[in-house]
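Coordinates as given in data-v2.txt (compact mmCIF, C-alpha atoms):
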# COMPACT_ATOMS: atom_id res chain seq x y z
CA MET A 1364 89.68 68.43 62.55
CA ILE A 1365 90.50 64.77 61.90
CA ASP A 1366 90.53 62.45 64.89
CA LEU A 1367 91.32 58.74 64.84
CA ARG A 1368 89.64 56.12 66.97
CA VAL A 1369 90.87 52.57 67.40
CA LEU A 1370 87.98 50.13 67.56
CA SER A 1371 87.29 47.10 69.71
CA PRO A 1372 84.63 44.45 69.05
CA ASP A 1373 82.20 46.52 71.14
CA ASP A 1374 82.45 49.25 68.50
CA TRP A 1375 80.94 47.00 65.83
CA PRO A 1376 78.03 49.40 65.06
CA VAL A 1377 80.51 52.10 63.95
CA TRP A 1378 82.44 49.61 61.81
CA ARG A 1379 79.19 48.25 60.35
CA GLU A 1380 77.96 51.70 59.35
CA LEU A 1381 81.21 52.59 57.59
CA ARG A 1382 81.71 49.20 55.95
CA LEU A 1383 78.21 49.17 54.47
CA ALA A 1384 78.68 52.74 53.25
CA ALA A 1385 82.03 51.78 51.68
CA LEU A 1386 80.59 48.76 49.87
CA ALA A 1387 77.67 50.86 48.58
CA ASP A 1388 79.89 53.77 47.50
CA ALA A 1389 82.75 51.88 45.85
CA PRO A 1390 81.75 48.30 45.03
CA GLU A 1391 84.50 48.07 42.41
CA ALA A 1392 87.18 48.69 45.04
CA PHE A 1393 86.42 45.74 47.31
CA GLY A 1394 86.45 41.98 47.02
CA ALA A 1395 83.34 41.72 49.20
CA SER A 1396 79.99 42.97 48.00
CA LEU A 1397 77.30 44.88 49.82
CA ALA A 1398 75.05 41.83 49.50
CA ASP A 1399 77.68 39.71 51.32
CA TRP A 1400 77.25 41.87 54.42
CA GLN A 1401 73.50 42.46 54.29
CA VAL A 1402 70.49 40.31 55.20
CA ALA A 1403 71.92 36.97 56.46
CA GLY A 1404 75.44 38.43 56.57
CA ASP A 1405 74.39 41.38 58.72
CA ARG A 1406 74.76 39.79 62.15
CA GLU A 1407 76.26 41.34 65.27
CA GLU A 1408 78.44 38.29 65.92
CA ARG A 1409 79.94 38.53 62.42
CA TRP A 1410 80.77 42.22 62.83
CA ARG A 1411 82.26 41.58 66.27
CA ALA A 1412 84.33 38.68 64.95
CA ARG A 1413 85.77 40.91 62.22
CA LEU A 1414 87.00 43.33 64.89
CA ALA A 1415 88.25 40.55 67.20
CA VAL A 1416 90.77 38.88 64.89
CA PRO A 1417 93.83 38.26 67.09
CA GLY A 1418 96.60 40.76 66.41
CA SER A 1419 94.42 42.97 64.22
CA TYR A 1420 94.03 46.74 64.28
CA HIS A 1421 90.94 48.68 63.18
CA VAL A 1422 90.78 52.44 63.05
CA VAL A 1423 88.18 54.97 61.97
CA ALA A 1424 88.64 58.61 61.11
CA LEU A 1425 86.25 61.21 62.41
CA LEU A 1426 85.94 64.58 60.73
CA ASP A 1427 84.40 67.08 63.11
CA GLY A 1428 83.14 64.13 65.18
CA VAL A 1429 81.50 62.26 62.27
CA PRO A 1430 82.92 58.86 61.16
CA VAL A 1431 84.16 59.33 57.57
CA GLY A 1432 86.82 56.69 56.98
CA MET A 1433 88.17 53.33 57.99
CA ALA A 1434 91.15 51.02 57.63
CA SER A 1435 92.40 47.77 59.09
CA GLY A 1436 95.74 46.18 59.73
CA MET A 1437 95.73 42.40 59.74
CA PRO A 1438 98.40 39.86 60.52
CA THR A 1439 99.12 37.36 57.74
CA GLU A 1440 100.30 33.77 57.81
CA ARG A 1441 103.77 35.02 56.85
CA ASP A 1442 105.95 36.18 59.73
CA GLY A 1443 106.77 39.86 59.68
CA ILE A 1444 104.13 40.75 57.08
CA VAL A 1445 100.88 42.57 57.80
CA GLU A 1446 98.16 43.64 55.42
CA LEU A 1447 96.41 46.98 55.11
CA LEU A 1448 92.81 46.39 54.05
CA SER A 1449 89.25 47.70 54.21
CA MET A 1450 90.54 51.20 53.46
CA TRP A 1451 87.83 53.70 52.57
CA VAL A 1452 87.11 57.41 52.88
CA ALA A 1453 83.61 58.87 52.46
CA PRO A 1454 83.18 61.06 49.35
CA GLN A 1455 82.56 64.23 51.38
CA ALA A 1456 85.87 63.73 53.24
CA ARG A 1457 88.14 62.95 50.28
CA GLY A 1458 90.96 65.36 49.59
CA ARG A 1459 91.07 66.51 53.21
CA GLY A 1460 93.87 64.29 54.54
CA VAL A 1461 91.67 61.54 55.97
CA GLY A 1462 93.19 58.80 53.81
CA ASP A 1463 96.69 59.94 54.70
CA ARG A 1464 95.90 59.76 58.41
CA LEU A 1465 94.43 56.27 58.08
CA VAL A 1466 97.36 54.88 56.07
CA SER A 1467 99.81 56.44 58.52
CA ALA A 1468 97.95 54.94 61.47
CA VAL A 1469 98.09 51.42 60.02
CA THR A 1470 101.75 51.67 58.98
CA GLN A 1471 102.68 53.03 62.40
CA TRP A 1472 100.79 50.16 64.06
CA ALA A 1473 102.70 47.70 61.83
CA GLU A 1474 106.04 49.25 62.79
CA GLU A 1475 105.17 49.22 66.50
CA ARG A 1476 104.30 45.52 66.35
CA GLY A 1477 107.65 44.79 64.72
CA ALA A 1478 106.46 43.98 61.22
CA ASP A 1479 108.98 44.00 58.40
CA LEU A 1480 106.56 44.70 55.57
CA VAL A 1481 103.06 46.10 54.96
CA ARG A 1482 101.24 44.76 51.90
CA LEU A 1483 97.94 45.68 50.31
CA ALA A 1484 95.86 44.92 47.25
CA VAL A 1485 94.30 47.74 45.25
CA ALA A 1486 91.80 47.32 42.42
CA ASP A 1487 93.57 47.61 39.09
CA GLY A 1488 92.81 51.06 37.70
CA ASN A 1489 91.95 52.66 41.06
CA ARG A 1490 94.43 55.47 40.47
CA PRO A 1491 93.40 57.72 43.40
CA ALA A 1492 93.95 54.89 45.90
CA ALA A 1493 97.23 53.83 44.30
CA ALA A 1494 98.47 57.44 44.41
CA LEU A 1495 97.63 57.62 48.13
CA TYR A 1496 99.62 54.46 48.81
CA GLU A 1497 102.53 55.65 46.65
CA ARG A 1498 102.71 58.86 48.75
CA HIS A 1499 103.23 56.62 51.77
CA GLY A 1500 106.10 54.67 50.25
CA PHE A 1501 104.22 51.71 48.80
CA GLY A 1502 105.55 50.33 45.56
CA TYR A 1503 104.23 47.82 43.06
CA THR A 1504 105.43 44.24 43.46
CA GLY A 1505 104.48 43.12 39.95
CA GLU A 1506 102.04 40.65 41.51
CA THR A 1507 98.35 40.64 40.64
CA GLN A 1508 95.45 38.54 41.83
CA LEU A 1509 91.91 37.94 40.72
CA MET A 1510 89.20 39.47 42.83
CA PRO A 1511 86.49 37.12 44.14
CA ASP A 1512 84.25 37.88 41.14
CA GLY A 1513 86.82 36.09 38.97
CA VAL A 1514 86.92 38.99 36.49
CA ARG A 1515 88.51 42.04 38.07
CA ARG A 1516 92.12 42.14 39.17
CA GLU A 1517 93.99 43.69 42.06
CA VAL A 1518 97.60 44.78 42.01
CA ILE A 1519 99.77 44.15 45.05
CA MET A 1520 101.73 46.97 46.64
CA GLN A 1521 104.04 46.88 49.63
CA ARG A 1522 106.40 48.97 51.69
CA PRO A 1523 109.04 48.08 54.23
CA CYS A 1524 108.50 49.15 57.79
CA ARG A 1525 110.88 51.82 58.89
CA ARG A 1526 113.14 50.95 61.74
CA ASP A 1527 114.70 53.35 64.21
CA VAL A 1528 118.35 52.35 63.81
CA THR A 1529 119.33 54.20 66.98
CA ALA A 1530 116.94 52.18 69.16
CA GLY A 1531 118.09 49.53 71.57
The structure in this file should be written as structure tokens.
Amino acid sequence: MIDLRVLSPDDWPVWRELRLAALADAPEAFGASLADWQVAGDREERWRARLAVPGSYHVVALLDGVPVGMASGMPTERDGIVELLSMWVAPQARGRGVGDRLVSAVTQWAEERGADLVRLAVADGNRPAAALYERHGFGYTGETQLMPDGVRREVIMQRPCRRDVTAG
């Protein structure tokens, strides 16, 4: 059974555990590195701050009570646009619907907050992640960006938020 849990800054140990596991498991998928979040970067106040960004949304997936996935929704500087980021599912939970639940949770959050568009960046060549996003209505924008290492690239995908045309 997959359960979702929305996190607050007080839940930073759960977020920390999953984020470090994600960076260790799939370093090629993220702009940040494991080293960025270890040693000097591994501070409670930094983890709390990540979960306390105004207007943000952080959710973890639990499979039979064990945290196995994570995703965030973040406001951007552009009105009506939010970003899906920090998406990861543990290897033992892949193919079991965890990623679908996380993407749905973030897109639903975006719609509820009145966003017009959800955007994300996916590492070029990360076909499993791109396929997940495509299943949820994300399409390629044609935009790319360099990852922080200055070598790898990310492709930008987006989807419009669905509106209930019968509402209000």
May I have a table of the residues of region 1458-1509 of chain A lying at most 12 Å from region 1413-1430 of chain A, giving each one's closest pair of atoms and their distance in Å to one decimal, counting all atoms listed in the file, ordered by chain and ascending residue number, as CSV?
residue,atom,partner,partner_atom,distance
A:Arg1459,CA,A:Leu1426,CA,9.3
A:Gly1460,CA,A:Leu1426,CA,10.1
A:Val1461,CA,A:Ala1424,CA,6.6
A:Gly1462,CA,A:Ala1424,CA,8.6
A:Asp1463,CA,A:Ala1424,CA,10.4
A:Arg1464,CA,A:Ala1424,CA,7.8
A:Leu1465,CA,A:Ala1424,CA,6.9
A:Val1466,CA,A:Val1422,CA,9.9
A:Ser1467,CA,A:Val1422,CA,10.9
A:Ala1468,CA,A:Val1422,CA,7.8
A:Val1469,CA,A:Tyr1420,CA,7.5
A:Thr1470,CA,A:Tyr1420,CA,10.6
A:Gln1471,CA,A:Tyr1420,CA,10.9
A:Trp1472,CA,A:Tyr1420,CA,7.6
A:Ala1473,CA,A:Tyr1420,CA,9.1
A:Glu1475,CA,A:Tyr1420,CA,11.6
A:Arg1476,CA,A:Gly1418,CA,9.1
A:Gly1477,CA,A:Gly1418,CA,11.9
A:Ala1478,CA,A:Gly1418,CA,11.6
Output file for the residues above (C-alpha atoms, as a PDB file, in the coordinates of the input):
ATOM      1  CA  ARG A1459      91.070  66.510  53.210  1.00  0.00           C
ATOM      2  CA  GLY A1460      93.870  64.290  54.540  1.00  0.00           C
ATOM      3  CA  VAL A1461      91.670  61.540  55.970  1.00  0.00           C
ATOM      4  CA  GLY A1462      93.190  58.800  53.810  1.00  0.00           C
ATOM      5  CA  ASP A1463      96.690  59.940  54.700  1.00  0.00           C
ATOM      6  CA  ARG A1464      95.900  59.760  58.410  1.00  0.00           C
ATOM      7  CA  LEU A1465      94.430  56.270  58.080  1.00  0.00           C
ATOM      8  CA  VAL A1466      97.360  54.880  56.070  1.00  0.00           C
ATOM      9  CA  SER A1467      99.810  56.440  58.520  1.00  0.00           C
ATOM     10  CA  ALA A1468      97.950  54.940  61.470  1.00  0.00           C
ATOM     11  CA  VAL A1469      98.090  51.420  60.020  1.00  0.00           C
ATOM     12  CA  THR A1470     101.750  51.670  58.980  1.00  0.00           C
ATOM     13  CA  GLN A1471     102.680  53.030  62.400  1.00  0.00           C
ATOM     14  CA  TRP A1472     100.790  50.160  64.060  1.00  0.00           C
ATOM     15  CA  ALA A1473     102.700  47.700  61.830  1.00  0.00           C
ATOM     16  CA  GLU A1475     105.170  49.220  66.500  1.00  0.00           C
ATOM     17  CA  ARG A1476     104.300  45.520  66.350  1.00  0.00           C
ATOM     18  CA  GLY A1477     107.650  44.790  64.720  1.00  0.00           C
ATOM     19  CA  ALA A1478     106.460  43.980  61.220  1.00  0.00           C
TER      20      ALA A1478
END
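Going from CA of Met1437 (chain A) to CA of Met1364 (chain A) covers 26.9 Å.
Taking only C-alpha atoms into account, Glu1517 (chain A) lies nearest to A:Ala1486 out of the set A:Ala1486, A:Ala1494, A:Leu1447, A:Ala1403.
Atom pair CA of Val1402 (chain A) / CA of Arg1379 (chain A): separated by 12.9 Å.
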Grab all the atoms of region 1404-1412 of chain A that the file lists, wrap them in a box along x, y and z, add 4 Å per side, and give me centre plus edge lengths in Å (one decimal) as lines of an AutoDock Vina configuration file.
center_x = 79.4
center_y = 40.3
center_z = 61.4
size_x = 17.9
size_y = 11.9
size_z = 17.7
Between CA of Gly1502 (chain A) and CA of Glu1446 (chain A), what is the distance, to one decimal in Å? 14.0 Å
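Each of A:Val1485, A:Arg1368, A:Asp1399, A:Pro1438 was checked against Arg1515 (chain A) using all atoms listed in the file; the smallest atom-to-atom distance is that of A:Val1485.
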Skipping near chain neighbours, those fewer than 2 positions away, what residues fall within 10 Å of Phe1393 (chain A) using all atoms listed in the file, listed as a list in words? Ala1385, Leu1386, Ala1389, Pro1390, Glu1391, Ala1395, Ser1396, Leu1397, Leu1448, Ser1449, Met1450, Trp1451, Ala1484, Val1485, Ala1486, Met1510, Pro1511 and Glu1517 of chain A
If you count all atoms listed in the file, which residues fall within 10 Å of Trp1375 (chain A), apart from same-chain ones fewer than 5 positions away, as a short mmCIF file (atom, residue, chain, number, x, y, z; two decimals) with C-alpha atoms, in the frame of the given file?
data_model
loop_
_atom_site.label_atom_id
_atom_site.label_comp_id
_atom_site.auth_asym_id
_atom_site.auth_seq_id
_atom_site.Cartn_x
_atom_site.Cartn_y
_atom_site.Cartn_z
CA LEU A 1370 87.98 50.13 67.56
CA GLU A 1380 77.96 51.70 59.35
CA LEU A 1381 81.21 52.59 57.59
CA GLU A 1407 76.26 41.34 65.27
CA GLU A 1408 78.44 38.29 65.92
CA ARG A 1409 79.94 38.53 62.42
CA TRP A 1410 80.77 42.22 62.83
CA ARG A 1411 82.26 41.58 66.27
CA ALA A 1412 84.33 38.68 64.95
CA ARG A 1413 85.77 40.91 62.22
CA LEU A 1414 87.00 43.33 64.89
CA ALA A 1415 88.25 40.55 67.20
#
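Comparing the minimum interatomic distances between Val1431 (chain A) and each of A:Asp1512, A:Glu1497, A:Asp1405, A:Asp1366, counting all atoms listed in the file, we find that A:Asp1366 sits nearest.
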Which polymer residues have any atom within 8 Å of an atom of Met1520 (chain A), counting only C-alpha atoms, with same-chain residues fewer than 2 positions away left out, as a PyMOL selection string? chain A and resi 1482-1485+1501-1504+1518+1522
For Ser1371 (chain A), the nearest of the candidates A:Gln1521, A:Arg1498, A:Ser1435, A:Val1481, counting only C-alpha atoms: A:Ser1435
For N, CA and C atoms, please extract region 1486-1518 of chain A from the block and return it as an mmCIF file, in the first residue's frame.
data_model
loop_
_atom_site.group_PDB
_atom_site.id
_atom_site.type_symbol
_atom_site.label_atom_id
_atom_site.label_comp_id
_atom_site.auth_asym_id
_atom_site.auth_seq_id
_atom_site.Cartn_x
_atom_site.Cartn_y
_atom_site.Cartn_z
ATOM 1 N N ALA A 1486 17.140 15.120 -16.515
ATOM 2 C CA ALA A 1486 18.454 14.886 -17.126
ATOM 3 C C ALA A 1486 18.275 14.294 -18.515
ATOM 4 N N ASP A 1487 18.953 14.889 -19.475
ATOM 5 C CA ASP A 1487 18.889 14.401 -20.851
ATOM 6 C C ASP A 1487 19.292 12.927 -20.876
ATOM 7 N N GLY A 1488 18.459 12.102 -21.468
ATOM 8 C CA GLY A 1488 18.745 10.671 -21.543
ATOM 9 C C GLY A 1488 18.109 9.853 -20.436
ATOM 10 N N ASN A 1489 17.495 10.493 -19.441
ATOM 11 C CA ASN A 1489 16.835 9.757 -18.357
ATOM 12 C C ASN A 1489 15.444 9.347 -18.842
ATOM 13 N N ARG A 1490 15.418 8.342 -19.695
ATOM 14 C CA ARG A 1490 14.191 7.906 -20.352
ATOM 15 C C ARG A 1490 13.116 7.433 -19.379
ATOM 16 N N PRO A 1491 13.446 6.663 -18.329
ATOM 17 C CA PRO A 1491 12.371 6.246 -17.412
ATOM 18 C C PRO A 1491 11.657 7.435 -16.758
ATOM 19 N N ALA A 1492 12.422 8.442 -16.344
ATOM 20 C CA ALA A 1492 11.798 9.619 -15.721
ATOM 21 C C ALA A 1492 10.967 10.380 -16.740
ATOM 22 N N ALA A 1493 11.510 10.580 -17.931
ATOM 23 C CA ALA A 1493 10.762 11.302 -18.971
ATOM 24 C C ALA A 1493 9.463 10.575 -19.300
ATOM 25 N N ALA A 1494 9.490 9.254 -19.362
ATOM 26 C CA ALA A 1494 8.280 8.477 -19.661
ATOM 27 C C ALA A 1494 7.227 8.663 -18.557
ATOM 28 N N LEU A 1495 7.673 8.704 -17.310
ATOM 29 C CA LEU A 1495 6.765 8.953 -16.193
ATOM 30 C C LEU A 1495 6.077 10.302 -16.379
ATOM 31 N N TYR A 1496 6.851 11.324 -16.663
ATOM 32 C CA TYR A 1496 6.285 12.663 -16.820
ATOM 33 C C TYR A 1496 5.359 12.727 -18.038
ATOM 34 N N GLU A 1497 5.725 12.071 -19.116
ATOM 35 C CA GLU A 1497 4.875 12.046 -20.312
ATOM 36 C C GLU A 1497 3.515 11.421 -19.991
ATOM 37 N N ARG A 1498 3.507 10.354 -19.178
ATOM 38 C CA ARG A 1498 2.238 9.717 -18.779
ATOM 39 C C ARG A 1498 1.321 10.690 -18.050
ATOM 40 N N HIS A 1499 1.917 11.696 -17.433
ATOM 41 C CA HIS A 1499 1.147 12.672 -16.664
ATOM 42 C C HIS A 1499 0.903 13.961 -17.436
ATOM 43 N N GLY A 1500 1.085 13.909 -18.742
ATOM 44 C CA GLY A 1500 0.738 15.047 -19.583
ATOM 45 C C GLY A 1500 1.827 16.074 -19.795
ATOM 46 N N PHE A 1501 3.034 15.792 -19.338
ATOM 47 C CA PHE A 1501 4.140 16.727 -19.572
ATOM 48 C C PHE A 1501 4.645 16.550 -20.995
ATOM 49 N N GLY A 1502 4.973 17.658 -21.611
ATOM 50 C CA GLY A 1502 5.546 17.631 -22.946
ATOM 51 C C GLY A 1502 6.847 18.414 -22.967
ATOM 52 N N TYR A 1503 7.644 18.159 -23.976
ATOM 53 C CA TYR A 1503 8.937 18.837 -24.124
ATOM 54 C C TYR A 1503 8.724 20.256 -24.637
ATOM 55 N N THR A 1504 9.461 21.190 -24.079
ATOM 56 C CA THR A 1504 9.355 22.594 -24.490
ATOM 57 C C THR A 1504 10.355 22.935 -25.589
ATOM 58 N N GLY A 1505 11.361 22.097 -25.786
ATOM 59 C CA GLY A 1505 12.451 22.417 -26.705
ATOM 60 C C GLY A 1505 13.579 23.154 -26.007
ATOM 61 N N GLU A 1506 13.361 23.519 -24.751
ATOM 62 C CA GLU A 1506 14.391 24.203 -23.970
ATOM 63 C C GLU A 1506 15.314 23.176 -23.315
ATOM 64 N N THR A 1507 16.577 23.527 -23.201
ATOM 65 C CA THR A 1507 17.535 22.737 -22.432
ATOM 66 C C THR A 1507 18.311 23.691 -21.550
ATOM 67 N N GLN A 1508 18.979 23.141 -20.569
ATOM 68 C CA GLN A 1508 19.855 23.947 -19.717
ATOM 69 C C GLN A 1508 20.997 23.070 -19.240
ATOM 70 N N LEU A 1509 22.117 23.716 -19.012
ATOM 71 C CA LEU A 1509 23.265 23.003 -18.458
ATOM 72 C C LEU A 1509 23.025 22.699 -17.001
ATOM 73 N N MET A 1510 23.473 21.547 -16.569
ATOM 74 C CA MET A 1510 23.411 21.216 -15.156
ATOM 75 C C MET A 1510 24.586 21.908 -14.466
ATOM 76 N N PRO A 1511 24.583 22.010 -13.150
ATOM 77 C CA PRO A 1511 25.635 22.740 -12.456
ATOM 78 C C PRO A 1511 27.067 22.269 -12.750
ATOM 79 N N ASP A 1512 27.226 21.014 -13.196
ATOM 80 C CA ASP A 1512 28.578 20.546 -13.505
ATOM 81 C C ASP A 1512 29.115 21.151 -14.803
ATOM 82 N N GLY A 1513 28.251 21.854 -15.543
ATOM 83 C CA GLY A 1513 28.675 22.509 -16.768
ATOM 84 C C GLY A 1513 28.873 21.573 -17.949
ATOM 85 N N VAL A 1514 28.547 20.299 -17.781
ATOM 86 C CA VAL A 1514 28.746 19.303 -18.834
ATOM 87 C C VAL A 1514 27.412 18.679 -19.244
ATOM 88 N N ARG A 1515 26.708 18.140 -18.282
ATOM 89 C CA ARG A 1515 25.443 17.464 -18.563
ATOM 90 C C ARG A 1515 24.334 18.484 -18.825
ATOM 91 N N ARG A 1516 23.323 18.029 -19.527
ATOM 92 C CA ARG A 1516 22.194 18.889 -19.863
ATOM 93 C C ARG A 1516 20.895 18.315 -19.298
ATOM 94 N N GLU A 1517 19.965 19.207 -19.065
ATOM 95 C CA GLU A 1517 18.610 18.835 -18.699
ATOM 96 C C GLU A 1517 17.680 19.350 -19.788
ATOM 97 N N VAL A 1518 16.617 18.608 -20.034
ATOM 98 C CA VAL A 1518 15.574 19.067 -20.931
ATOM 99 C C VAL A 1518 14.396 19.535 -20.075
#
